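Below is work-v9.txt, which holds compact mmCIF, C-alpha atoms.
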```txt
# COMPACT_ATOMS: atom_id res chain seq x y z
CA MET M 1 -152.13 53.96 -82.13
CA LYS M 2 -150.14 53.44 -85.31
CA PHE M 3 -149.06 49.99 -84.11
CA SER M 4 -152.45 48.89 -82.72
CA ILE M 5 -154.16 48.50 -86.10
CA PRO M 6 -151.51 46.23 -87.66
CA LEU M 7 -151.39 44.23 -84.43
CA LEU M 8 -155.14 43.80 -84.46
CA ALA M 9 -155.00 42.70 -88.08
CA VAL M 10 -152.31 40.18 -87.25
CA ILE M 11 -154.39 38.80 -84.36
CA VAL M 12 -157.46 38.49 -86.57
CA ALA M 13 -155.41 36.76 -89.24
CA LEU M 14 -153.98 34.34 -86.69
CA LEU M 15 -157.44 33.56 -85.32
CA PHE M 16 -158.73 32.95 -88.84
CA ILE M 17 -155.80 30.66 -89.62
CA ALA M 18 -156.34 28.82 -86.32
CA SER M 19 -160.06 28.36 -87.04
CA GLN M 20 -159.22 27.00 -90.47
CA SER M 21 -156.61 24.65 -88.97
CA ILE M 22 -158.87 22.94 -86.41
CA TYR M 23 -161.91 20.73 -86.99
CA THR M 24 -164.02 18.53 -84.75
CA VAL M 25 -165.30 15.06 -85.58
CA ASP M 26 -168.65 14.07 -84.00
CA GLN M 27 -169.08 10.54 -82.71
CA ARG M 28 -171.90 10.00 -85.24
CA LYS M 29 -169.78 11.08 -88.22
CA TYR M 30 -166.92 9.98 -90.42
CA ALA M 31 -164.38 12.57 -91.60
CA ILE M 32 -162.33 12.56 -94.81
CA LYS M 33 -159.37 14.93 -95.11
CA PHE M 34 -158.49 16.09 -98.61
CA GLN M 35 -155.37 17.82 -99.86
CA LEU M 36 -155.78 19.49 -103.20
CA GLY M 37 -158.76 17.18 -103.95
CA GLU M 38 -156.97 13.96 -103.04
CA VAL M 39 -157.99 11.82 -100.04
CA ILE M 40 -155.12 11.70 -97.57
CA GLU M 41 -156.80 10.61 -94.34
CA THR M 42 -160.05 9.22 -92.95
CA THR M 43 -161.22 9.48 -89.36
CA ASN M 44 -163.94 7.53 -87.55
CA LYS M 45 -163.14 8.52 -83.96
CA ALA M 46 -164.62 11.58 -82.28
CA GLY M 47 -162.21 14.34 -81.27
CA LEU M 48 -160.30 17.49 -82.22
CA TYR M 49 -158.07 17.35 -85.30
CA PHE M 50 -155.82 19.69 -87.30
CA LYS M 51 -155.45 20.47 -90.98
CA LEU M 52 -153.54 22.90 -93.14
CA PRO M 53 -155.68 25.90 -94.00
CA LEU M 54 -156.38 26.64 -97.64
CA VAL M 55 -154.53 23.49 -98.68
CA GLN M 56 -156.55 20.83 -96.91
CA ASN M 57 -160.33 20.50 -96.44
CA VAL M 58 -162.63 18.04 -94.63
CA LYS M 59 -165.96 16.42 -95.47
CA PHE M 60 -168.23 14.60 -93.04
CA TYR M 61 -170.47 11.57 -93.59
CA ASP M 62 -173.01 9.84 -91.34
CA LYS M 63 -171.93 6.84 -89.32
CA VAL M 64 -175.46 6.00 -88.11
CA ASN M 65 -177.97 3.77 -89.92
CA LEU M 66 -179.64 5.34 -92.93
CA THR M 67 -183.05 4.47 -94.39
CA LEU M 68 -183.89 3.58 -97.95
CA ASP M 69 -187.62 3.76 -98.70
CA ASN M 70 -189.13 2.40 -101.87
CA PRO M 71 -191.23 5.24 -103.34
CA GLU M 72 -193.53 2.89 -105.26
CA PRO M 73 -194.33 -0.81 -104.60
CA ASP M 74 -192.53 -3.15 -106.98
CA ARG M 75 -194.49 -5.61 -109.08
CA VAL M 76 -192.93 -9.07 -108.81
CA THR M 77 -193.97 -12.52 -110.03
CA THR M 78 -194.21 -15.70 -108.00
CA SER M 79 -193.32 -19.22 -109.12
CA GLU M 80 -196.97 -19.60 -110.17
CA LYS M 81 -196.61 -16.58 -112.47
CA LYS M 82 -198.93 -14.58 -110.24
CA PRO M 83 -198.16 -10.88 -109.70
CA LEU M 84 -197.60 -9.29 -106.30
CA LEU M 85 -197.00 -5.74 -105.13
CA VAL M 86 -194.05 -5.54 -102.74
CA ASP M 87 -193.13 -2.52 -100.64
CA PHE M 88 -189.89 -2.68 -98.67
CA VAL M 89 -187.55 -0.62 -96.50
CA VAL M 90 -183.78 -1.00 -96.18
CA LEU M 91 -181.48 0.01 -93.34
CA TRP M 92 -177.90 0.64 -94.41
CA ARG M 93 -174.76 2.39 -93.16
CA ILE M 94 -171.32 3.40 -94.31
CA VAL M 95 -168.57 1.07 -93.11
CA ASP M 96 -165.65 2.13 -95.33
CA VAL M 97 -165.84 5.87 -95.88
CA ARG M 98 -162.84 5.96 -98.23
CA GLN M 99 -164.31 3.27 -100.49
CA TYR M 100 -167.68 4.99 -100.25
CA TYR M 101 -166.22 8.27 -101.47
CA VAL M 102 -164.19 6.65 -104.24
CA SER M 103 -167.17 4.59 -105.50
CA VAL M 104 -170.00 7.14 -105.45
CA GLN M 105 -168.06 10.37 -104.83
CA GLY M 106 -169.72 10.60 -101.43
CA ASP M 107 -173.13 11.14 -103.06
CA GLU M 108 -175.78 9.63 -100.81
CA GLU M 109 -178.42 9.66 -103.52
CA ALA M 110 -176.13 7.72 -105.84
CA ALA M 111 -175.58 5.14 -103.09
CA ARG M 112 -179.34 4.91 -102.53
CA ARG M 113 -179.96 4.30 -106.22
CA ARG M 114 -177.32 1.58 -106.29
CA LEU M 115 -178.74 -0.14 -103.22
CA SER M 116 -182.31 0.20 -104.47
CA GLN M 117 -181.47 -1.49 -107.76
CA THR M 118 -179.65 -4.31 -105.99
CA VAL M 119 -182.39 -4.94 -103.42
CA ARG M 120 -185.21 -4.78 -105.97
CA ALA M 121 -183.46 -7.23 -108.30
CA ASN M 122 -182.74 -9.70 -105.50
CA LEU M 123 -186.29 -9.44 -104.09
CA ALA M 124 -187.78 -10.16 -107.52
CA GLU M 125 -185.47 -13.16 -107.89
CA GLU M 126 -186.41 -14.58 -104.47
CA PHE M 127 -190.14 -14.05 -104.92
CA ASN M 128 -189.92 -15.89 -108.21
CA LYS M 129 -188.78 -19.00 -106.30
CA HIS M 130 -191.91 -19.22 -104.11
CA ASP M 131 -195.66 -19.45 -104.57
CA VAL M 132 -198.15 -16.87 -103.32
CA HIS M 133 -198.86 -18.60 -100.02
CA GLU M 134 -195.18 -18.94 -99.17
CA ALA M 135 -194.39 -15.39 -100.27
CA ILE M 136 -197.14 -13.92 -98.10
CA SER M 137 -196.66 -16.03 -94.98
CA SER M 138 -194.13 -18.79 -94.41
CA ALA M 139 -191.22 -17.69 -96.63
CA ARG M 140 -191.15 -13.95 -95.92
CA ASP M 141 -188.28 -14.15 -93.44
CA LYS M 142 -186.28 -16.36 -95.77
CA ILE M 143 -186.84 -14.01 -98.70
CA THR M 144 -185.69 -10.94 -96.75
CA SER M 145 -182.71 -12.79 -95.25
CA VAL M 146 -181.41 -14.02 -98.60
CA THR M 147 -182.05 -10.62 -100.18
CA GLN M 148 -180.07 -8.91 -97.42
CA GLN M 149 -177.13 -11.27 -97.86
CA LYS M 150 -177.00 -10.80 -101.63
CA ALA M 151 -177.47 -7.03 -101.43
CA ASN M 152 -174.81 -6.77 -98.71
CA ALA M 153 -172.30 -8.62 -100.88
CA ASP M 154 -172.79 -6.03 -103.61
CA ALA M 155 -172.92 -3.10 -101.19
CA LYS M 156 -169.44 -3.85 -99.87
CA SER M 157 -168.05 -2.80 -103.21
CA ILE M 158 -169.14 0.79 -102.49
CA GLY M 159 -168.12 0.74 -98.83
CA VAL M 160 -171.57 0.33 -97.25
CA GLU M 161 -173.39 -2.44 -95.37
CA VAL M 162 -177.02 -3.50 -95.67
CA VAL M 163 -178.13 -3.80 -92.04
CA ASP M 164 -181.68 -5.04 -92.64
CA VAL M 165 -184.33 -5.55 -95.31
CA ARG M 166 -187.98 -5.52 -94.27
CA LEU M 167 -191.18 -6.07 -96.24
CA ARG M 168 -193.76 -3.49 -95.28
CA ARG M 169 -196.47 -4.72 -97.60
CA VAL M 170 -197.04 -7.74 -99.83
CA GLU M 171 -200.38 -7.82 -101.60
CA LEU M 172 -202.12 -8.64 -104.82
CA PRO M 173 -202.46 -5.94 -107.48
CA PRO M 174 -205.92 -4.36 -107.79
CA ASP M 175 -206.48 -5.93 -111.23
CA VAL M 176 -206.26 -9.46 -109.81
CA THR M 177 -207.65 -8.87 -106.31
CA GLY M 178 -211.29 -9.21 -107.40
CA PRO M 179 -210.96 -12.62 -109.12
CA VAL M 180 -208.82 -13.94 -106.27
CA TYR M 181 -211.37 -12.84 -103.69
CA GLN M 182 -214.11 -14.46 -105.75
CA ARG M 183 -212.20 -17.73 -105.85
CA MET M 184 -211.59 -17.51 -102.12
CA GLU M 185 -215.27 -16.83 -101.54
CA SER M 186 -216.25 -19.79 -103.74
CA GLU M 187 -213.82 -22.04 -101.90
CA ARG M 188 -215.11 -20.90 -98.50
CA ARG M 189 -218.69 -21.41 -99.70
CA ARG M 190 -217.83 -24.91 -100.90
CA VAL M 191 -216.26 -25.75 -97.54
CA ALA M 192 -219.27 -24.28 -95.72
CA ASN M 193 -221.69 -26.35 -97.81
CA GLU M 194 -219.62 -29.45 -97.20
CA LEU M 195 -219.66 -28.81 -93.46
CA ARG M 196 -223.41 -28.21 -93.56
CA SER M 197 -223.90 -31.50 -95.42
CA LEU M 198 -221.78 -33.35 -92.89
CA GLY M 199 -223.71 -31.66 -90.08
CA ALA M 200 -227.06 -32.59 -91.64
CA ALA M 201 -225.94 -36.20 -92.11
CA GLU M 202 -224.73 -36.36 -88.52
CA SER M 203 -227.99 -34.79 -87.36
CA GLU M 204 -230.03 -37.41 -89.23
CA LYS M 205 -227.83 -40.12 -87.80
CA ILE M 206 -228.33 -38.84 -84.25
CA ARG M 207 -232.06 -38.39 -84.81
CA ALA M 208 -232.41 -41.92 -86.23
CA ASP M 209 -230.46 -43.35 -83.31
CA ALA M 210 -232.65 -41.41 -80.87
CA ASP M 211 -235.81 -42.70 -82.61
CA ARG M 212 -234.45 -46.24 -82.47
CA GLN M 213 -233.68 -45.91 -78.77
CA ARG M 214 -237.13 -44.42 -78.20
CA THR M 215 -238.76 -47.36 -79.98
CA VAL M 216 -236.69 -49.85 -78.01
CA ILE M 217 -237.45 -48.09 -74.73
CA LEU M 218 -241.19 -47.96 -75.50
CA ALA M 219 -241.18 -51.60 -76.53
CA ASP M 220 -239.35 -52.61 -73.37
CA ALA M 221 -241.71 -50.48 -71.29
CA TYR M 222 -244.76 -51.98 -73.02
CA SER M 223 -243.38 -55.47 -72.55
CA GLN M 224 -242.70 -54.77 -68.89
CA ALA M 225 -246.15 -53.24 -68.48
CA GLN M 226 -247.81 -56.25 -70.10
CA LYS M 227 -245.84 -58.56 -67.85
CA LEU M 228 -246.87 -56.58 -64.79
CA LYS M 229 -250.45 -56.42 -66.01
CA GLY M 230 -250.50 -60.15 -66.65
CA ALA M 231 -249.00 -60.80 -63.24
CA GLY M 232 -251.62 -58.47 -61.72
CA ASP M 233 -254.44 -60.14 -63.61
CA ALA M 234 -253.18 -63.54 -62.55
CA LYS M 235 -252.96 -62.41 -58.94
CA ALA M 236 -256.42 -60.81 -59.16
CA SER M 237 -257.83 -64.03 -60.65
CA ALA M 238 -256.20 -65.98 -57.86
CA ILE M 239 -257.76 -63.65 -55.30
CA TYR M 240 -261.13 -63.86 -57.03
CA GLY M 241 -260.82 -67.62 -57.08
CA GLN M 242 -259.94 -67.72 -53.41
CA ALA M 243 -262.82 -65.34 -52.61
CA TYR M 244 -265.26 -67.38 -54.71
CA SER M 245 -264.22 -70.63 -53.17
CA ALA M 246 -264.46 -69.09 -49.69
CA ASN M 247 -268.08 -67.79 -50.20
CA PRO M 248 -269.54 -68.55 -53.64
CA GLU M 249 -272.94 -67.09 -52.72
CA PHE M 250 -271.56 -63.68 -51.78
CA TYR M 251 -269.33 -63.63 -54.84
CA ALA M 252 -272.26 -64.36 -57.15
CA PHE M 253 -274.27 -61.62 -55.42
CA TYR M 254 -271.37 -59.13 -55.75
CA ARG M 255 -270.93 -59.92 -59.43
CA SER M 256 -274.64 -59.33 -60.03
CA LEU M 257 -274.46 -55.95 -58.27
CA GLU M 258 -271.53 -54.94 -60.44
CA ALA M 259 -273.50 -55.96 -63.53
CA TYR M 260 -276.51 -53.92 -62.35
CA LYS M 261 -274.27 -50.92 -61.70
CA ALA M 262 -272.70 -51.07 -65.13
CA THR M 263 -276.04 -51.65 -66.88
CA PHE M 264 -278.20 -48.99 -65.19
CA ARG M 265 -275.60 -46.20 -65.37
CA ASN M 266 -278.05 -43.61 -66.84
CA LYS M 267 -281.78 -43.11 -66.18
CA SER M 268 -282.45 -42.92 -69.90
CA ASP M 269 -281.01 -46.35 -70.56
CA LEU M 270 -283.54 -48.77 -72.05
CA MET M 271 -283.22 -52.56 -72.05
CA VAL M 272 -285.59 -55.14 -73.46
CA LEU M 273 -285.28 -58.35 -71.40
CA ASP M 274 -287.45 -61.18 -70.26
CA PRO M 275 -288.50 -60.49 -66.61
CA SER M 276 -287.96 -64.16 -65.83
CA SER M 277 -284.38 -63.92 -66.99
CA ASP M 278 -281.60 -64.93 -64.58
CA PHE M 279 -280.34 -61.35 -64.81
CA PHE M 280 -283.17 -60.21 -62.48
CA GLN M 281 -283.03 -63.09 -60.10
CA TYR M 282 -281.82 -60.93 -57.16
CA PHE M 283 -284.58 -58.36 -57.88
CA LYS M 284 -287.25 -61.00 -57.48
CA ASP M 285 -285.83 -62.94 -54.56
CA PRO M 286 -282.33 -62.29 -53.13
CA ALA M 287 -282.28 -65.83 -51.84
CA SER M 288 -283.06 -67.21 -55.28
CA GLY M 289 -279.61 -66.45 -56.44
CA ARG M 290 -278.14 -68.62 -53.76
CA PRO M 291 -276.43 -71.57 -55.25
CA PRO M 292 -277.77 -74.93 -54.21
CA GLN M 293 -276.31 -76.25 -50.97
CA ARG M 294 -274.33 -79.40 -51.28
CA THR M 295 -275.30 -82.12 -48.84
CA PRO M 296 -272.20 -83.30 -47.07
CA ALA M 297 -271.55 -86.93 -47.59
CA LYS M 298 -272.23 -89.18 -44.66
```
Same coordinates, now as structure tokens:
Amino acid sequence: MKFSIPLLAVIVALLFIASQSIYTVDQRKYAIKFQLGEVIETTNKAGLYFKLPLVQNVKFYDKVNLTLDNPEPDRVTTSEKKPLLVDFVVLWRIVDVRQYYVSVQGDEEAARRRLSQTVRANLAEEFNKHDVHEAISSARDKITSVTQQKANADAKSIGVEVVDVRLRRVELPPDVTGPVYQRMESERRRVANELRSLGAAESEKIRADADRQRTVILADAYSQAQKLKGAGDAKASAIYGQAYSANPEFYAFYRSLEAYKATFRNKSDLMVLDPSSDFFQYFKDPASGRPPQRTPAK
């Protein structure tokens, strides 16, 4: 019993020393081993490692990508001296953990501040090289690419790498949005009025062409109708002539009947004529209207 307590104490002490002598590095972490505050070893491979208890200590840092968010949109100026609000996000990671610790003492917030200043300065410089249209649409990829390259060159000095720079929002400040929208509205209204004017001119042109074609078609139709009517009248005259020459007496009688029919259309019609007039010759004597017979020559 007297020996069991010291033995137990020795076992506990050995277990404590063993626990303080072993550390594990995760595959998503870097490890820095210190001895009396001085960096003596860095590890980037996962596994089980040893250290001297009480003399050496270990700190761990992330190997995965880290995010830098801009808390407030930055106000930048384009080449036209127009302001823009730019919100961005940065992906970065530690690539040299020793340099990272030496430069910023392993303080992640200090590294974020350094990266934020670098990215913001480079973004402002790049936006200042482009106009509003380019900054909002066509040159966005170029701006972020150049910004990433410049920021990465500076980030290497603190042992980190800028993986990506992305613009989440690029817009006009509220104090200039109203006038810009008004100018856009005026421009769209001008274009709309211009299109309406062109449409009205084209409509008048089409309408005038249609009226011209209508006039030509009616004139051609009238001309054709008059030709047909003339041909019909000529043919009718020829038929009348043939009929008259075939039986002049019957033709004269038929013409008189037509005249009577047209004259006495209504019972209330009143005519003042001489009863001995030729108009009534068939009323008096149907034979009287017969034309004189020609005596054939002997």
TODO: Go ahead and compute the interatomic distance for CA of Thr67 (chain M) and CA of Val25 (chain M), in Å to one decimal.
DONE: 22.5 Å
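Between CA of Gly47 (chain M) and CA of Gln27 (chain M) the separation is 8.0 Å.
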Open item on the list: Let me make sure I understand: among M:Phe88, M:Tyr23, M:Tyr100, M:Tyr181, which one has the smallest atom-to-atom distance to Thr144 (chain M) if we use all atoms listed in the file?
Closed with: M:Phe88
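Distances here use all atoms listed in the file; by that measure, the residue among M:Glu38, M:Asp62, M:Asp69, M:Glu187 closest to Arg93 (chain M) is M:Asp62.
Counting all atoms listed in the file, Ala121 (chain M) has the following residues at most 10 Å away, ignoring those fewer than 6 positions along the same chain: Val76, Leu115, Thr147, Lys150 and Ala151 of chain M.
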TODO: Provide the CA of Thr24 (chain M) to CA of Ala46 (chain M) distance in Å, to one decimal place.
DONE: 7.4 Å
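The smallest atom-to-atom distance between Thr77 (chain M) and any of M:Val39, M:Ser138, M:Val170, M:Tyr61, using all atoms listed in the file, is found for M:Val170.
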Open item on the list: Need to verify the contact set: Val165 (chain M), 12 Å, only C-alpha atoms, exclusion of same-chain residues closer than 6 positions in sequence. Can you return it as a PyMOL selection string?
Closed with: chain M and resi 67-70+87-92+115-116+118-120+122-123+140-152
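When the distance limit is 10 Å and only C-alpha atoms are what count, the residues near Val97 (chain M), minus those fewer than 5 positions from it on the same chain, are M:Tyr30, M:Ala31, M:Ile32, M:Thr42, M:Thr43, M:Asn44, M:Phe60, M:Tyr61, M:Asp62, M:Lys63, M:Val102, M:Ser103, M:Gly106, M:Ile158, M:Gly159, M:Val160.
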Find the axis-aligned box for region 26-36 of chain M, covering all its listed atoms and adding 5 Å on each side, and write its centre and edge lengths in Å to one decimal as AutoDock Vina command-line options.
```
--center_x -163.6 --center_y 14.7 --center_z -93.0 --size_x 26.5 --size_y 19.5 --size_z 30.5
```
